[in-house]
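*Asks:* File name coords-v3.pdb; file contents PDB, C-alpha atoms, pLDDT in the B column; full text below.
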ATOM      1  CA  MET F   1       6.876  -4.263  -8.230  1.00 77.00           C
ATOM      2  CA  SER F   2       3.492  -3.340  -6.793  1.00 87.00           C
ATOM      3  CA  VAL F   3       2.514  -1.225  -3.828  1.00 90.00           C
ATOM      4  CA  LEU F   4       0.114  -3.219  -1.668  1.00 93.00           C
ATOM      5  CA  PHE F   5      -2.754  -1.902   0.436  1.00 93.00           C
ATOM      6  CA  SER F   6      -5.297  -3.126   2.944  1.00 94.00           C
ATOM      7  CA  ASN F   7      -8.201  -1.299   4.528  1.00 95.00           C
ATOM      8  CA  ASN F   8      -8.044   0.014   8.089  1.00 94.00           C
ATOM      9  CA  ALA F   9      -4.705  -1.602   8.924  1.00 97.00           C
ATOM     10  CA  ALA F  10      -3.519  -0.032  12.162  1.00 98.00           C
ATOM     11  CA  THR F  11      -1.883  -1.412  15.282  1.00 98.00           C
ATOM     12  CA  ASN F  12       0.938  -0.652  17.709  1.00 98.00           C
ATOM     13  CA  LEU F  13       4.566  -1.632  18.080  1.00 98.00           C
ATOM     14  CA  ALA F  14       4.970  -4.652  20.347  1.00 98.00           C
ATOM     15  CA  ALA F  15       8.461  -3.510  21.389  1.00 98.00           C
ATOM     16  CA  SER F  16      10.762  -0.537  20.977  1.00 98.00           C
ATOM     17  CA  ILE F  17      12.954  -0.163  17.878  1.00 98.00           C
ATOM     18  CA  THR F  18      16.120   1.870  17.375  1.00 98.00           C
ATOM     19  CA  SER F  19      16.673   4.248  14.479  1.00 98.00           C
ATOM     20  CA  GLY F  20      18.820   1.568  12.842  1.00 98.00           C
ATOM     21  CA  ALA F  21      16.381  -1.347  13.194  1.00 98.00           C
ATOM     22  CA  THR F  22      15.579  -3.254   9.987  1.00 98.00           C
ATOM     23  CA  SER F  23      12.540  -5.045  11.368  1.00 98.00           C
ATOM     24  CA  LEU F  24       9.662  -4.330  13.702  1.00 98.00           C
ATOM     25  CA  THR F  25       7.091  -6.419  15.529  1.00 98.00           C
ATOM     26  CA  VAL F  26       3.494  -5.328  15.977  1.00 98.00           C
ATOM     27  CA  THR F  27       0.989  -6.279  18.674  1.00 98.00           C
ATOM     28  CA  SER F  28       0.410 -10.037  18.721  1.00 98.00           C
ATOM     29  CA  GLY F  29      -2.174 -11.184  16.194  1.00 98.00           C
ATOM     30  CA  THR F  30      -2.422  -7.888  14.313  1.00 98.00           C
ATOM     31  CA  GLY F  31       0.138  -8.569  11.592  1.00 98.00           C
ATOM     32  CA  SER F  32      -2.590 -10.247   9.532  1.00 97.00           C
ATOM     33  CA  LEU F  33      -4.264  -6.851   9.092  1.00 98.00           C
ATOM     34  CA  PHE F  34      -1.428  -5.924   6.726  1.00 98.00           C
ATOM     35  CA  PRO F  35      -0.530  -7.239   3.251  1.00 97.00           C
ATOM     36  CA  ASN F  36       1.998 -10.027   2.808  1.00 96.00           C
ATOM     37  CA  PRO F  37       4.524  -8.860   0.175  1.00 96.00           C
ATOM     38  CA  THR F  38       6.143 -11.384  -2.152  1.00 93.00           C
ATOM     39  CA  ASN F  39       8.955 -10.914  -4.647  1.00 94.00           C
ATOM     40  CA  THR F  40       9.400  -7.154  -5.156  1.00 94.00           C
ATOM     41  CA  ASP F  41       5.992  -6.104  -3.798  1.00 94.00           C
ATOM     42  CA  TYR F  42       5.895  -3.863  -0.734  1.00 95.00           C
ATOM     43  CA  PHE F  43       3.677  -1.625   1.356  1.00 96.00           C
ATOM     44  CA  LEU F  44       4.312   1.560   3.284  1.00 96.00           C
ATOM     45  CA  LEU F  45       3.779   2.070   6.993  1.00 97.00           C
ATOM     46  CA  THR F  46       3.709   5.272   8.956  1.00 98.00           C
ATOM     47  CA  LEU F  47       5.221   5.000  12.433  1.00 98.00           C
ATOM     48  CA  ILE F  48       3.962   7.608  14.877  1.00 98.00           C
ATOM     49  CA  GLY F  49       5.219   8.267  18.396  1.00 98.00           C
ATOM     50  CA  ILE F  50       2.443   8.139  20.992  1.00 95.00           C
ATOM     51  CA  SER F  51       2.809  11.911  21.491  1.00 94.00           C
ATOM     52  CA  GLY F  52       2.409  12.467  17.730  1.00 96.00           C
ATOM     53  CA  SER F  53       6.143  12.763  17.155  1.00 96.00           C
ATOM     54  CA  PRO F  54       8.358  11.492  15.637  1.00 98.00           C
ATOM     55  CA  ILE F  55       6.726  10.378  12.388  1.00 98.00           C
ATOM     56  CA  GLU F  56       8.513   8.120   9.924  1.00 98.00           C
ATOM     57  CA  ILE F  57       7.433   6.338   6.753  1.00 98.00           C
ATOM     58  CA  VAL F  58       8.985   2.897   6.244  1.00 98.00           C
ATOM     59  CA  LYS F  59       8.817   0.449   3.346  1.00 97.00           C
ATOM     60  CA  VAL F  60       7.818  -3.105   4.317  1.00 98.00           C
ATOM     61  CA  THR F  61       9.394  -5.686   2.016  1.00 97.00           C
ATOM     62  CA  SER F  62       8.254  -8.823   3.859  1.00 97.00           C
ATOM     63  CA  ARG F  63       5.987  -9.878   6.693  1.00 98.00           C
ATOM     64  CA  SER F  64       6.033 -13.059   8.738  1.00 97.00           C
ATOM     65  CA  SER F  65       3.096 -13.134  11.138  1.00 98.00           C
ATOM     66  CA  ASP F  66       3.571 -10.029  13.321  1.00 98.00           C
ATOM     67  CA  THR F  67       7.177  -9.249  12.273  1.00 98.00           C
ATOM     68  CA  MET F  68       7.965  -7.015   9.296  1.00 98.00           C
ATOM     69  CA  THR F  69      11.215  -6.330   7.454  1.00 98.00           C
ATOM     70  CA  ILE F  70      11.537  -2.595   6.830  1.00 98.00           C
ATOM     71  CA  VAL F  71      13.541  -0.050   4.855  1.00 98.00           C
ATOM     72  CA  ARG F  72      13.793   3.132   6.914  1.00 98.00           C
ATOM     73  CA  ALA F  73      13.329   6.853   6.224  1.00 98.00           C
ATOM     74  CA  GLN F  74      11.095   6.839   3.145  1.00 97.00           C
ATOM     75  CA  GLU F  75       9.657   9.931   1.447  1.00 95.00           C
ATOM     76  CA  GLY F  76      11.947  12.405   3.134  1.00 96.00           C
ATOM     77  CA  THR F  77      11.290  11.221   6.687  1.00 97.00           C
ATOM     78  CA  THR F  78      14.091  10.542   9.165  1.00 98.00           C
ATOM     79  CA  ALA F  79      14.856   7.165  10.756  1.00 98.00           C
ATOM     80  CA  SER F  80      13.905   7.516  14.415  1.00 98.00           C
ATOM     81  CA  ALA F  81      13.645   5.413  17.553  1.00 98.00           C
ATOM     82  CA  PHE F  82      10.120   4.337  18.525  1.00 98.00           C
ATOM     83  CA  ASN F  83       8.725   2.856  21.736  1.00 98.00           C
ATOM     84  CA  GLY F  84       6.548  -0.165  22.288  1.00 98.00           C
ATOM     85  CA  GLY F  85       2.948   1.011  22.027  1.00 98.00           C
ATOM     86  CA  ASP F  86       3.678   3.652  19.358  1.00 98.00           C
ATOM     87  CA  LYS F  87       1.290   3.673  16.387  1.00 98.00           C
ATOM     88  CA  VAL F  88       1.833   1.661  13.208  1.00 98.00           C
ATOM     89  CA  GLU F  89      -0.546   2.486  10.347  1.00 98.00           C
ATOM     90  CA  LEU F  90      -0.824   1.652   6.662  1.00 97.00           C
ATOM     91  CA  ARG F  91      -1.607   5.033   5.101  1.00 94.00           C
ATOM     92  CA  ILE F  92      -1.725   6.359   1.579  1.00 91.00           C
ATOM     93  CA  THR F  93       1.311   8.599   1.212  1.00 92.00           C
ATOM     94  CA  ALA F  94       2.041  11.629  -0.940  1.00 89.00           C
ATOM     95  CA  ALA F  95       4.522   9.734  -3.133  1.00 86.00           C
ATOM     96  CA  THR F  96       1.982   6.951  -3.712  1.00 84.00           C
ATOM     97  CA  MET F  97      -0.673   9.438  -4.815  1.00 84.00           C
ATOM     98  CA  ASN F  98       1.774  11.403  -6.980  1.00 81.00           C
ATOM     99  CA  SER F  99       2.843   8.167  -8.661  1.00 79.00           C
ATOM    100  CA  ALA F 100      -0.785   7.188  -9.272  1.00 74.00           C
ATOM    101  CA  ALA F 101      -1.515  10.615 -10.729  1.00 71.00           C
ATOM    102  CA  GLN F 102       1.482  10.353 -13.056  1.00 70.00           C
ATOM    103  CA  ALA F 103       0.408   6.869 -14.160  1.00 65.00           C
ATOM    104  CA  GLY F 104      -3.066   8.221 -14.854  1.00 59.00           C
ATOM    105  CA  LEU F 105      -1.658  11.040 -16.990  1.00 52.00           C
ATOM    106  CA  ALA F 106       0.561   8.640 -18.919  1.00 52.00           C
ATOM    107  CA  ASN F 107      -1.967   5.846 -19.406  1.00 51.00           C
ATOM    108  CA  GLY F 108      -5.421   7.338 -19.361  1.00 49.00           C
ATOM    109  CA  ALA F 109      -7.907   9.454 -17.502  1.00 47.00           C
ATOM    110  CA  MET F 110      -8.961   8.636 -13.959  1.00 44.00           C
ATOM    111  CA  THR F 111     -11.920  10.788 -13.055  1.00 46.00           C
ATOM    112  CA  GLU F 112     -13.054  11.443  -9.501  1.00 46.00           C
ATOM    113  CA  ASN F 113     -16.427   9.945  -8.497  1.00 43.00           C
ATOM    114  CA  THR F 114     -16.595   7.505 -11.383  1.00 42.00           C
ATOM    115  CA  MET F 115     -15.669   3.924 -11.959  1.00 43.00           C
ATOM    116  CA  SER F 116     -14.537   4.516 -15.565  1.00 45.00           C
ATOM    117  CA  ILE F 117     -10.923   4.301 -16.699  1.00 45.00           C
ATOM    118  CA  THR F 118      -9.888   4.937 -20.274  1.00 45.00           C
ATOM    119  CA  SER F 119      -6.714   3.600 -21.914  1.00 46.00           C
ATOM    120  CA  ASN F 120      -4.575   0.489 -22.317  1.00 48.00           C
ATOM    121  CA  TYR F 121      -5.066  -1.454 -19.092  1.00 49.00           C
ATOM    122  CA  THR F 122      -4.982  -5.185 -18.507  1.00 50.00           C
ATOM    123  CA  MET F 123      -7.431  -7.002 -16.260  1.00 50.00           C
ATOM    124  CA  THR F 124      -5.599  -9.665 -14.272  1.00 49.00           C
ATOM    125  CA  THR F 125      -8.529 -10.828 -12.152  1.00 50.00           C
ATOM    126  CA  GLY F 126     -12.224 -10.342 -12.389  1.00 49.00           C
ATOM    127  CA  ASN F 127     -15.574 -11.219 -10.957  1.00 48.00           C
ATOM    128  CA  ASN F 128     -19.221 -10.220 -11.334  1.00 49.00           C
ATOM    129  CA  GLY F 129     -19.613 -12.646 -14.209  1.00 50.00           C
ATOM    130  CA  MET F 130     -16.367 -11.750 -15.954  1.00 48.00           C
ATOM    131  CA  SER F 131     -13.726 -14.389 -16.546  1.00 49.00           C
ATOM    132  CA  ALA F 132     -10.210 -14.029 -15.210  1.00 51.00           C
ATOM    133  CA  GLY F 133      -7.925 -12.032 -17.510  1.00 51.00           C
ATOM    134  CA  PRO F 134      -5.821 -10.924 -18.960  1.00 54.00           C
ATOM    135  CA  ILE F 135      -7.871  -8.798 -21.322  1.00 57.00           C
ATOM    136  CA  THR F 136      -6.580  -5.679 -22.956  1.00 60.00           C
ATOM    137  CA  VAL F 137      -8.699  -2.595 -23.498  1.00 59.00           C
ATOM    138  CA  ALA F 138      -7.779  -0.418 -26.443  1.00 59.00           C
ATOM    139  CA  THR F 139      -7.144   3.306 -26.195  1.00 61.00           C
ATOM    140  CA  GLY F 140     -10.353   5.286 -26.365  1.00 62.00           C
ATOM    141  CA  VAL F 141     -12.536   2.520 -24.950  1.00 62.00           C
ATOM    142  CA  THR F 142     -14.257   3.086 -21.617  1.00 63.00           C
ATOM    143  CA  VAL F 143     -14.427   0.195 -19.162  1.00 61.00           C
ATOM    144  CA  THR F 144     -16.819   0.319 -16.242  1.00 62.00           C
ATOM    145  CA  ILE F 145     -15.414  -1.558 -13.263  1.00 60.00           C
ATOM    146  CA  PRO F 146     -18.242  -3.180 -11.308  1.00 59.00           C
ATOM    147  CA  THR F 147     -18.446  -2.168  -7.658  1.00 57.00           C
ATOM    148  CA  GLY F 148     -16.783  -4.848  -5.551  1.00 56.00           C
ATOM    149  CA  SER F 149     -14.516  -6.041  -8.374  1.00 55.00           C
ATOM    150  CA  ASN F 150     -10.914  -6.975  -7.687  1.00 55.00           C
ATOM    151  CA  TRP F 151      -8.897  -5.563 -10.561  1.00 57.00           C
ATOM    152  CA  VAL F 152      -5.187  -4.870 -10.685  1.00 56.00           C
ATOM    153  CA  ILE F 153      -4.244  -2.060 -13.037  1.00 57.00           C
ATOM    154  CA  ASN F 154      -0.585  -2.100 -14.045  1.00 51.00           C
TER
END
Have the structure of the file written as structure tokens, please.
*Replies:*
Amino acid sequence: MSVLFSNNAATNLAASITSGATSLTVTSGTGSLFPNPTNTDYFLLTLIGISGSPIEIVKVTSRSSDTMTIVRAQEGTTASAFNGGDKVELRITAATMNSAAQAGLANGAMTENTMSITSNYTMTTGNNGMSAGPITVATGVTVTIPTGSNWVIN
């Protein structure tokens, strides 16, 4: 199960949803801005009323074009009704960052402003002259991830 991300993914609801809705539709053609989860992968969306309230975090478990299947009221937020035109944004959330920090403490050191990670990580994809993985890096070895690389660290 992986949390998926994409850069600058933001749009609006195409239509209103109730607090019990299990799917939402975004503005036509903007669904492609967001990841496309498969299997147990997912991404998190923040729904924001046009006035700034309510705010709810939802888990997206699948996306088909502009329609997304959602699990409501994540990270202590409350399932709420939203109107067409309300904001839909893929944001990094507190729980995501806390989880990443815990993974870093358990598996190695992630240092701000550096591209070095130390510990037992596996490269599942690579570029910049490196062949596709997996490769395993032993504890105590520093790996420099080239800028622009596409690595998945599990």
*Asks:* Here's the selection I'm unsure about, the PyMOL selection byres ((chain F and resi 11) around 6); applied to the file above, which residues does it give, as a list in words?
*Replies:*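 Selected by the PyMOL selection byres ((chain F and resi 11) around 6) here: Ala10, Asn12 and Val88 of chain F.
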*Asks:* Atoms to include: C-alpha atoms. Write the selected residues as a PDB file, keeping the file's coordinate frame.
*Replies:*
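The resulting file, again.pdb, is shown below:
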ATOM      1  CA  ALA F  10      -3.519  -0.032  12.162  1.00 98.00           C
ATOM      2  CA  ASN F  12       0.938  -0.652  17.709  1.00 98.00           C
ATOM      3  CA  VAL F  88       1.833   1.661  13.208  1.00 98.00           C
TER       4      VAL F  88
END
*Asks:* Compare F:Met97, F:Arg91, F:Thr46, F:Arg63 by their minimum atom-to-atom distance to Thr30 of chain F, counting only C-alpha atoms, and give me the closest one.
*Replies:* F:Arg63
*Asks:* So the first atom is atom CA of Gly52 of chain F and the second is atom CA of Asp86 of chain F; what is the distance between them in Å, to one decimal place?
*Replies:* 9.1 Å
*Asks:* Taking (6.5, 4.8, 13.9) in the file's coordinates as the center, which residues reach within 7 Å of it, counting only C-alpha atoms, put as an mmCIF file with C-alpha atoms, keeping the file's coordinate frame?
*Replies:*
data_model
loop_
_atom_site.group_PDB
_atom_site.id
_atom_site.type_symbol
_atom_site.label_atom_id
_atom_site.label_comp_id
_atom_site.auth_asym_id
_atom_site.auth_seq_id
_atom_site.Cartn_x
_atom_site.Cartn_y
_atom_site.Cartn_z
ATOM 1 C CA THR F 46 3.709 5.272 8.956
ATOM 2 C CA LEU F 47 5.221 5.000 12.433
ATOM 3 C CA ILE F 48 3.962 7.608 14.877
ATOM 4 C CA GLY F 49 5.219 8.267 18.396
ATOM 5 C CA ILE F 55 6.726 10.378 12.388
ATOM 6 C CA GLU F 56 8.513 8.120 9.924
ATOM 7 C CA PHE F 82 10.120 4.337 18.525
ATOM 8 C CA ASP F 86 3.678 3.652 19.358
ATOM 9 C CA LYS F 87 1.290 3.673 16.387
ATOM 10 C CA VAL F 88 1.833 1.661 13.208
#
*Asks:* On this structure, which residues satisfy the PyMOL selection byres ((chain F and resi 25) around 8), written as a VMD selection string?
*Replies:* chain F and resid 13 to 15 23 to 24 26 to 27 66 to 68
*Asks:* Could you state the separation of atom CA of Ser51 of chain F and atom CA of Ala79 of chain F in Å, given to one decimal place?
*Replies:* 16.8 Å
*Asks:* Mind giving me the straight-line distance from atom CA of Asn98 of chain F to atom CA of Ser64 of chain F in Å, one decimal?
*Replies:*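 Spanning atom CA of Asn98 of chain F to atom CA of Ser64 of chain F is a straight-line distance of 29.4 Å.
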*Asks:* Which neighbours of Phe34 of chain F fall inside 6 Å, counting only C-alpha atoms, when residues of the same chain fewer than 2 positions from it are skipped, and could you give them as JSON, numbers by chain?
*Replies:* {"F": [9, 31, 32]}
*Asks:* Generate the output file for the selected residues, C-alpha atoms, as an mmCIF file, in the frame of the given file.
*Replies:*
data_model
loop_
_atom_site.group_PDB
_atom_site.id
_atom_site.type_symbol
_atom_site.label_atom_id
_atom_site.label_comp_id
_atom_site.auth_asym_id
_atom_site.auth_seq_id
_atom_site.Cartn_x
_atom_site.Cartn_y
_atom_site.Cartn_z
ATOM 1 C CA ALA F 9 -4.705 -1.602 8.924
ATOM 2 C CA GLY F 31 0.138 -8.569 11.592
ATOM 3 C CA SER F 32 -2.590 -10.247 9.532
#
*Asks:* Would you please work out which residue, of F:Ile17, F:Gly84, F:Thr69, F:Pro54, is nearest to Tyr42 of chain F when using only C-alpha atoms?
*Replies:* F:Thr69
*Asks:* Set the distance at 8 Å and use all atoms listed in the file: which residues neighbour Leu45 of chain F once local chain neighbours fewer than 2 positions away are removed? I'd like the list as a ChimeraX atom specification.
*Replies:* /F:43,47,57-60,88-91
*Asks:* As AutoDock Vina command-line options, please: the centre and edge lengths in Å, to one decimal, of an axis-aligned box enclosing every listed atom of segment 10-17 of chain F with 6 Å added on each side.
*Replies:*
--center_x 4.7 --center_y -2.3 --center_z 16.8 --size_x 28.5 --size_y 16.6 --size_z 21.2
*Asks:* Since fewer atoms than expected are present, regenerate N, CA, C and O atoms for segment 82-95 of chain F and write them as an mmCIF file, in the frame of the given file.
*Replies:*
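Printed below is part_23.cif as written:
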data_model
loop_
_atom_site.group_PDB
_atom_site.id
_atom_site.type_symbol
_atom_site.label_atom_id
_atom_site.label_comp_id
_atom_site.auth_asym_id
_atom_site.auth_seq_id
_atom_site.Cartn_x
_atom_site.Cartn_y
_atom_site.Cartn_z
ATOM 1 N N PHE F 82 11.522 4.377 18.121
ATOM 2 C CA PHE F 82 10.120 4.337 18.525
ATOM 3 C C PHE F 82 9.976 3.397 19.706
ATOM 4 O O PHE F 82 10.748 2.451 19.860
ATOM 5 N N ASN F 83 8.975 3.650 20.532
ATOM 6 C CA ASN F 83 8.725 2.856 21.736
ATOM 7 C C ASN F 83 7.615 1.845 21.519
ATOM 8 O O ASN F 83 6.722 2.066 20.682
ATOM 9 N N GLY F 84 7.656 0.767 22.282
ATOM 10 C CA GLY F 84 6.548 -0.165 22.288
ATOM 11 C C GLY F 84 5.268 0.604 22.582
ATOM 12 O O GLY F 84 5.251 1.483 23.436
ATOM 13 N N GLY F 85 4.210 0.303 21.862
ATOM 14 C CA GLY F 85 2.948 1.011 22.027
ATOM 15 C C GLY F 85 2.750 2.153 21.051
ATOM 16 O O GLY F 85 1.632 2.644 20.886
ATOM 17 N N ASP F 86 3.831 2.608 20.366
ATOM 18 C CA ASP F 86 3.678 3.652 19.358
ATOM 19 C C ASP F 86 2.836 3.116 18.198
ATOM 20 O O ASP F 86 2.759 1.916 17.948
ATOM 21 N N LYS F 87 2.220 4.030 17.457
ATOM 22 C CA LYS F 87 1.290 3.673 16.387
ATOM 23 C C LYS F 87 2.010 3.175 15.139
ATOM 24 O O LYS F 87 3.067 3.685 14.767
ATOM 25 N N VAL F 88 1.378 2.216 14.484
ATOM 26 C CA VAL F 88 1.833 1.661 13.208
ATOM 27 C C VAL F 88 0.600 1.628 12.308
ATOM 28 O O VAL F 88 -0.367 0.934 12.611
ATOM 29 N N GLU F 89 0.632 2.384 11.205
ATOM 30 C CA GLU F 89 -0.546 2.486 10.347
ATOM 31 C C GLU F 89 -0.168 2.397 8.877
ATOM 32 O O GLU F 89 0.828 2.974 8.453
ATOM 33 N N LEU F 90 -0.965 1.672 8.109
ATOM 34 C CA LEU F 90 -0.824 1.652 6.662
ATOM 35 C C LEU F 90 -1.653 2.827 6.145
ATOM 36 O O LEU F 90 -2.868 2.838 6.276
ATOM 37 N N ARG F 91 -0.962 3.817 5.601
ATOM 38 C CA ARG F 91 -1.607 5.033 5.101
ATOM 39 C C ARG F 91 -1.238 5.238 3.643
ATOM 40 O O ARG F 91 -0.177 4.824 3.197
ATOM 41 N N ILE F 92 -2.090 5.922 2.927
ATOM 42 C CA ILE F 92 -1.725 6.359 1.579
ATOM 43 C C ILE F 92 -0.809 7.555 1.757
ATOM 44 O O ILE F 92 -1.108 8.474 2.521
ATOM 45 N N THR F 93 0.320 7.537 1.055
ATOM 46 C CA THR F 93 1.311 8.599 1.212
ATOM 47 C C THR F 93 1.328 9.520 -0.009
ATOM 48 O O THR F 93 0.792 9.180 -1.071
ATOM 49 N N ALA F 94 1.954 10.658 0.151
ATOM 50 C CA ALA F 94 2.041 11.629 -0.940
ATOM 51 C C ALA F 94 2.717 11.028 -2.168
ATOM 52 O O ALA F 94 2.245 11.207 -3.293
ATOM 53 N N ALA F 95 3.816 10.313 -1.988
ATOM 54 C CA ALA F 95 4.522 9.734 -3.133
ATOM 55 C C ALA F 95 3.657 8.697 -3.850
ATOM 56 O O ALA F 95 3.682 8.611 -5.078
#
